[in-house]
Amino acid sequence: MQKTIMRRVAQGQGREPADLVIRNVRLFDLVTGDLVPTDIAICGDRIVGTYGDYDGVRTIDGAGRIAVPGFIDTHLHVESSLVTPFEFDRCVLPHGVTTAICDPHEMANVLGRAAFDYFLAAAERTIMDLRVNLSSCVPATSMETSGAILNVDDLLPYRDHPKVIGLAEFMNIPGVLNGDPGCMDKLAAFADGHIDGHAPLMRGKALNGYLAAGISTDHEATAAEEALEKVRKGMTVLIREGSVCKDLEALVPLLNVATSPFFAFCTDDRNPLEIAHEGHLDFLIRRAIELGVEPLAAYRAASLSAATAFGLKDRGQIAPGKRADIVLLDDLECCQVSDVISAGRLVNDALFAEREIVPSVGLNSVQLPNPVSAQDMRIKGSGANRPVMGIIPGQIITEFLRLDLPEDGDWVLPDLERDIAKVCVVARHGHNDNIGRGFVRGFGLRSGALASSVGHDSHNICVVGTSDADMACAVNHLEKTGGGFVAVRDGQVLAELRLPVAGLMSDTPYEQVRDDLVVLRKAAKEMGVVLEEPFLQLAFLPLPVIPHLKITDFGMIDVRNMGLV
């Protein structure tokens, strides 16, 4: 290490040629907002020189382009991008995302500790710096059947891994506020590190108590007033804009140069189709500037503020001693990425080809004790004053509605004229044959069924439909294929995306996933669906830690009191 430091010092002073020099760039100064003509000298994976002219063994012609620090996605689940970490790396690094902080919560709910082993092995081999926050709540609640249970003893062996930052989103709010022993054990074990938050709609003294547990970040703020209270109380708010959760427009009025140290960006999550159409963090930066945010504030939030919030002191700024994560832009306000340097390496296809790929795990994880039937999808009882989930486009929060529904003898029926479909959650981990049944409004579905083995957070099969037979067909098809998304009408599969890796991720290139999503979206629209991302919206219906009404394999859950309806 001493020789490495000596080389950095010599190259930074210009006494030796730098390993790499990016010539003729305009460095975007995150202190003043100035564009400063300079060379950037790099030794190995570190920046050693700025604000001067340098000679290098190798050079890249900046051609007057703008240099900004690599972008940091502060919260995501790689699994929810529907591709493996290696395809995620190849998909988003060219968009300037040089660091991504992931929570393998989705795979952990299916496979337990094996998910940490897989993600950490992958993180050691990706070109981007993939960091891991250890999943804090597996399962998220006791109101669903999960594939695994992780306690503090399962997390501790991974705490000091060089790719681990700390503890991931702590979503068991009642457990924190009421002193649940398991929650207290985890919070105490990670008290000297980073603890990520998950506090939708939390305000007042409850928020104070939650923060007093040592939790410091939150990506669940959906309104400016809520976010302002959180940053005033010391939280860093992670402004989220994903494929389903779209909070950017509501929160960016708070983001300016003065407040930028208290905000960062996250996707939580974006799929390859949306990345192809819009981008990744580059889209968030571009959209924020379009909405009136000063570029200095936007780029700080995407890099320096993010690095500070998560204790990554070696990045977030183009400066000597920092990791050489650099994005070259053709246009600052449009965030038009032309080249990316990750740890001193120019990102290209040859660099990706050098990686050692970790074999996929969790194949054949979708296990039903028996095939389900149309009879299993039926809902018995009165149609009067039934609980109905109300979809809010662009949010994973749902309305808790009470509506009268039609009946046929002892059975309650969907009401397609009022856009009310049936929804069921089928346990898929082989532990039991639970099926939760209910109703949802907002899909626009006129015929058939849509099903997904991606069902946050325990990832049981969630199916929405107008026909009991089509719903059963869709569920059984997912078991045969190992999981994924499927659209069924009149007993026929119209389109599908197979996700055999833990029933969550494809084992194909991200381009194939993107193309399959186009076909799926087209099939859903032909069935009447009005939502832009119906399968990802479907995947959040079984998430019982997000208000207000959800459904799990236990039944419909009133999230306000965590009780069965």
# chains A, B, ... in the order shown; residues from 1 in each chain; ligands from 1

$ closest_atom_pairs --of "region 364-458 of chain A" --to "region 522-534 of chain A" --cutoff "9 Å" --atoms "only C-alpha atoms" --output "tab-separated table"
residue	atom	partner	partner_atom	distance
A:Pro393	CA	A:Leu531	CA	7.1
A:Gly442	CA	A:Val530	CA	7.9
A:Phe443	CA	A:Val529	CA	5.4
A:Gly444	CA	A:Val529	CA	4.5
A:Leu445	CA	A:Gly528	CA	4.7
A:Arg446	CA	A:Gly528	CA	5.1
A:Ser447	CA	A:Met527	CA	5.5
A:Gly448	CA	A:Met527	CA	6.9
A:Ala449	CA	A:Met527	CA	8.5
A:Leu450	CA	A:Ala524	CA	7.8

$ write_last_selection --atoms "N, CA, C and O atoms" --output "mmCIF file, in the first residue's frame"
data_model
loop_
_atom_site.group_PDB
_atom_site.id
_atom_site.type_symbol
_atom_site.label_atom_id
_atom_site.label_comp_id
_atom_site.auth_asym_id
_atom_site.auth_seq_id
_atom_site.Cartn_x
_atom_site.Cartn_y
_atom_site.Cartn_z
ATOM 1 N N PRO A 393 -52.306 5.562 -9.029
ATOM 2 C CA PRO A 393 -51.227 5.494 -10.026
ATOM 3 C C PRO A 393 -49.997 6.294 -9.583
ATOM 4 O O PRO A 393 -50.113 7.408 -9.077
ATOM 5 N N GLY A 442 -58.886 -0.265 -10.012
ATOM 6 C CA GLY A 442 -57.919 0.618 -10.654
ATOM 7 C C GLY A 442 -57.097 0.020 -11.768
ATOM 8 O O GLY A 442 -56.360 0.740 -12.436
ATOM 9 N N PHE A 443 -57.195 -1.283 -12.005
ATOM 10 C CA PHE A 443 -56.420 -1.888 -13.091
ATOM 11 C C PHE A 443 -57.040 -1.631 -14.460
ATOM 12 O O PHE A 443 -56.328 -1.581 -15.461
ATOM 13 N N GLY A 444 -58.365 -1.516 -14.520
ATOM 14 C CA GLY A 444 -59.031 -1.364 -15.811
ATOM 15 C C GLY A 444 -59.240 -2.681 -16.533
ATOM 16 O O GLY A 444 -59.682 -2.703 -17.689
ATOM 17 N N LEU A 445 -58.914 -3.784 -15.888
ATOM 18 C CA LEU A 445 -58.978 -5.107 -16.509
ATOM 19 C C LEU A 445 -60.415 -5.433 -16.924
ATOM 20 O O LEU A 445 -61.343 -5.322 -16.121
ATOM 21 N N ARG A 446 -60.578 -5.872 -18.184
ATOM 22 C CA ARG A 446 -61.913 -6.206 -18.708
ATOM 23 C C ARG A 446 -62.080 -7.703 -18.929
ATOM 24 O O ARG A 446 -63.209 -8.186 -19.051
ATOM 25 N N SER A 447 -60.962 -8.431 -19.006
ATOM 26 C CA SER A 447 -61.031 -9.874 -19.232
ATOM 27 C C SER A 447 -59.732 -10.516 -18.798
ATOM 28 O O SER A 447 -58.694 -9.854 -18.703
ATOM 29 N N GLY A 448 -59.773 -11.829 -18.514
ATOM 30 C CA GLY A 448 -58.571 -12.583 -18.240
ATOM 31 C C GLY A 448 -57.962 -12.343 -16.872
ATOM 32 O O GLY A 448 -58.634 -11.910 -15.931
ATOM 33 N N ALA A 449 -56.652 -12.597 -16.782
ATOM 34 C CA ALA A 449 -55.946 -12.499 -15.505
ATOM 35 C C ALA A 449 -54.471 -12.166 -15.743
ATOM 36 O O ALA A 449 -53.884 -12.552 -16.760
ATOM 37 N N LEU A 450 -53.889 -11.455 -14.781
ATOM 38 C CA LEU A 450 -52.458 -11.170 -14.740
ATOM 39 C C LEU A 450 -51.910 -11.757 -13.448
ATOM 40 O O LEU A 450 -52.518 -11.584 -12.388
#

$ select_by_dssp --residues "region 29-203 of chain A" --states "alpha helix (DSSP H)" --output "PyMOL selection string"
chain A and resi 85-92+105-111+113-123+152-155+173-177+181-189

$ write_last_selection --atoms "C-alpha atoms" --output "PDB file, in the first residue's frame"
ATOM      1  CA  PRO A  85     -26.605  -8.112 -10.734  1.00  0.00           C
ATOM      2  CA  PHE A  86     -24.382  -8.628 -13.775  1.00  0.00           C
ATOM      3  CA  GLU A  87     -27.050  -7.554 -16.249  1.00  0.00           C
ATOM      4  CA  PHE A  88     -28.005  -4.676 -13.954  1.00  0.00           C
ATOM      5  CA  ASP A  89     -24.341  -3.618 -14.035  1.00  0.00           C
ATOM      6  CA  ARG A  90     -24.289  -3.719 -17.835  1.00  0.00           C
ATOM      7  CA  CYS A  91     -27.636  -1.939 -18.093  1.00  0.00           C
ATOM      8  CA  VAL A  92     -27.203   1.055 -15.769  1.00  0.00           C
ATOM      9  CA  HIS A 105     -34.452  -8.105   0.579  1.00  0.00           C
ATOM     10  CA  GLU A 106     -36.503  -9.686  -2.200  1.00  0.00           C
ATOM     11  CA  MET A 107     -34.239 -12.680  -2.720  1.00  0.00           C
ATOM     12  CA  ALA A 108     -33.614 -12.961   1.026  1.00  0.00           C
ATOM     13  CA  ASN A 109     -37.351 -13.435   1.605  1.00  0.00           C
ATOM     14  CA  VAL A 110     -37.197 -16.396  -0.762  1.00  0.00           C
ATOM     15  CA  LEU A 111     -33.782 -17.925  -0.011  1.00  0.00           C
ATOM     16  CA  ARG A 113     -28.826 -16.134   3.818  1.00  0.00           C
ATOM     17  CA  ALA A 114     -28.118 -17.660   0.408  1.00  0.00           C
ATOM     18  CA  ALA A 115     -29.252 -14.330  -1.048  1.00  0.00           C
ATOM     19  CA  PHE A 116     -26.477 -12.483   0.822  1.00  0.00           C
ATOM     20  CA  ASP A 117     -23.904 -15.023  -0.351  1.00  0.00           C
ATOM     21  CA  TYR A 118     -25.015 -14.584  -3.960  1.00  0.00           C
ATOM     22  CA  PHE A 119     -25.174 -10.798  -3.937  1.00  0.00           C
ATOM     23  CA  LEU A 120     -21.872 -10.313  -2.132  1.00  0.00           C
ATOM     24  CA  ALA A 121     -20.123 -12.706  -4.520  1.00  0.00           C
ATOM     25  CA  ALA A 122     -21.629 -10.793  -7.443  1.00  0.00           C
ATOM     26  CA  ALA A 123     -20.722  -7.412  -5.917  1.00  0.00           C
ATOM     27  CA  VAL A 152     -29.676 -10.943  14.118  1.00  0.00           C
ATOM     28  CA  ASP A 153     -27.440 -14.023  14.269  1.00  0.00           C
ATOM     29  CA  ASP A 154     -28.001 -14.524  10.544  1.00  0.00           C
ATOM     30  CA  LEU A 155     -26.898 -10.941   9.789  1.00  0.00           C
ATOM     31  CA  ILE A 173     -42.178   0.375  12.461  1.00  0.00           C
ATOM     32  CA  PRO A 174     -44.368  -1.132  15.215  1.00  0.00           C
ATOM     33  CA  GLY A 175     -41.422  -3.300  16.231  1.00  0.00           C
ATOM     34  CA  VAL A 176     -39.172  -0.256  16.592  1.00  0.00           C
ATOM     35  CA  LEU A 177     -41.691   1.905  18.428  1.00  0.00           C
ATOM     36  CA  PRO A 181     -36.836  -7.756  21.152  1.00  0.00           C
ATOM     37  CA  GLY A 182     -35.849  -8.988  17.687  1.00  0.00           C
ATOM     38  CA  CYS A 183     -35.863  -5.435  16.326  1.00  0.00           C
ATOM     39  CA  MET A 184     -33.890  -4.156  19.297  1.00  0.00           C
ATOM     40  CA  ASP A 185     -31.269  -6.876  18.784  1.00  0.00           C
ATOM     41  CA  LYS A 186     -30.721  -5.819  15.163  1.00  0.00           C
ATOM     42  CA  LEU A 187     -30.661  -2.101  15.910  1.00  0.00           C
ATOM     43  CA  ALA A 188     -28.146  -2.624  18.713  1.00  0.00           C
ATOM     44  CA  ALA A 189     -25.914  -4.846  16.592  1.00  0.00           C
TER      45      ALA A 189
END

$ residues_around --residues "Ala474 (chain A)" --least-positions-apart "5" --cutoff "8 Å" --atoms "only C-alpha atoms" --output "ChimeraX atom specification"
/A:449-451,463,486-488,493

$ write_last_selection --atoms "N, CA and C atoms" --output "PDB file, in the first residue's frame"
ATOM      1  N   ALA A 449     -56.652 -12.597 -16.782  1.00  0.00           N
ATOM      2  CA  ALA A 449     -55.946 -12.499 -15.505  1.00  0.00           C
ATOM      3  C   ALA A 449     -54.471 -12.166 -15.743  1.00  0.00           C
ATOM      4  N   LEU A 450     -53.889 -11.455 -14.781  1.00  0.00           N
ATOM      5  CA  LEU A 450     -52.458 -11.170 -14.740  1.00  0.00           C
ATOM      6  C   LEU A 450     -51.910 -11.757 -13.448  1.00  0.00           C
ATOM      7  N   ALA A 451     -50.758 -12.413 -13.518  1.00  0.00           N
ATOM      8  CA  ALA A 451     -50.175 -13.012 -12.320  1.00  0.00           C
ATOM      9  C   ALA A 451     -48.678 -12.742 -12.264  1.00  0.00           C
ATOM     10  N   VAL A 463     -52.237 -12.617  -8.094  1.00  0.00           N
ATOM     11  CA  VAL A 463     -52.974 -12.701  -9.357  1.00  0.00           C
ATOM     12  C   VAL A 463     -54.220 -11.822  -9.274  1.00  0.00           C
ATOM     13  N   VAL A 486     -47.186 -13.229 -16.144  1.00  0.00           N
ATOM     14  CA  VAL A 486     -47.940 -13.879 -17.219  1.00  0.00           C
ATOM     15  C   VAL A 486     -49.297 -13.203 -17.381  1.00  0.00           C
ATOM     16  N   ALA A 487     -49.749 -13.119 -18.636  1.00  0.00           N
ATOM     17  CA  ALA A 487     -51.084 -12.625 -18.968  1.00  0.00           C
ATOM     18  C   ALA A 487     -51.850 -13.772 -19.622  1.00  0.00           C
ATOM     19  N   VAL A 488     -53.036 -14.089 -19.062  1.00  0.00           N
ATOM     20  CA  VAL A 488     -53.839 -15.223 -19.532  1.00  0.00           C
ATOM     21  C   VAL A 488     -55.247 -14.740 -19.862  1.00  0.00           C
ATOM     22  N   VAL A 493     -52.154 -18.484 -22.659  1.00  0.00           N
ATOM     23  CA  VAL A 493     -51.113 -17.533 -22.287  1.00  0.00           C
ATOM     24  C   VAL A 493     -50.899 -16.568 -23.442  1.00  0.00           C
TER      25      VAL A 493
END

$ closest_atom_pairs --of "region 46-131 of chain A" --to "region 219-238 of chain A" --cutoff "10 Å" --atoms "only C-alpha atoms" --output "CSV"
residue,atom,partner,partner_atom,distance
A:Asp73,CA,A:Leu238,CA,9.3
A:Thr74,CA,A:Leu238,CA,7.1
A:His75,CA,A:His219,CA,7.6
A:Leu76,CA,A:His219,CA,9.9

$ select_by_dssp --residues "region 300-336 of chain A" --states "strand (DSSP E or B)" --output "number ranges by chain"
A: 323, 326-331, 336

$ residues_around --residues "Val293 (chain A)" --least-positions-apart "3" --cutoff "12 Å" --atoms "only C-alpha atoms" --output "VMD selection string"
chain A and resid 248 to 249 251 to 260 284 to 290 296 to 301 333

$ closest_atom_pairs --of "region 61-128 of chain A" --to "region 18-23 of chain A" --cutoff "12 Å" --atoms "only C-alpha atoms" --output "JSON lines"
{"residue": "A:Asp61", "atom": "CA", "partner": "A:Arg23", "partner_atom": "CA", "distance": 5.2}
{"residue": "A:Gly62", "atom": "CA", "partner": "A:Arg23", "partner_atom": "CA", "distance": 5.3}
{"residue": "A:Ala63", "atom": "CA", "partner": "A:Arg23", "partner_atom": "CA", "distance": 7.6}
{"residue": "A:Gly64", "atom": "CA", "partner": "A:Arg23", "partner_atom": "CA", "distance": 8.5}
{"residue": "A:Arg65", "atom": "CA", "partner": "A:Arg23", "partner_atom": "CA", "distance": 9.8}
{"residue": "A:Ile66", "atom": "CA", "partner": "A:Ile22", "partner_atom": "CA", "distance": 11.2}
{"residue": "A:Ala67", "atom": "CA", "partner": "A:Ile22", "partner_atom": "CA", "distance": 9.5}

$ closest_residue --among "A:Thr98, A:Leu82, A:Thr217, A:Val340" --to "Ser452 (chain A)" --atoms "only C-alpha atoms"
A:Leu82

$ closest_residue --among "A:Leu543, A:Ile420, A:Leu201, A:Ile5" --to "Asp558 (chain A)" --atoms "only C-alpha atoms"
A:Leu543
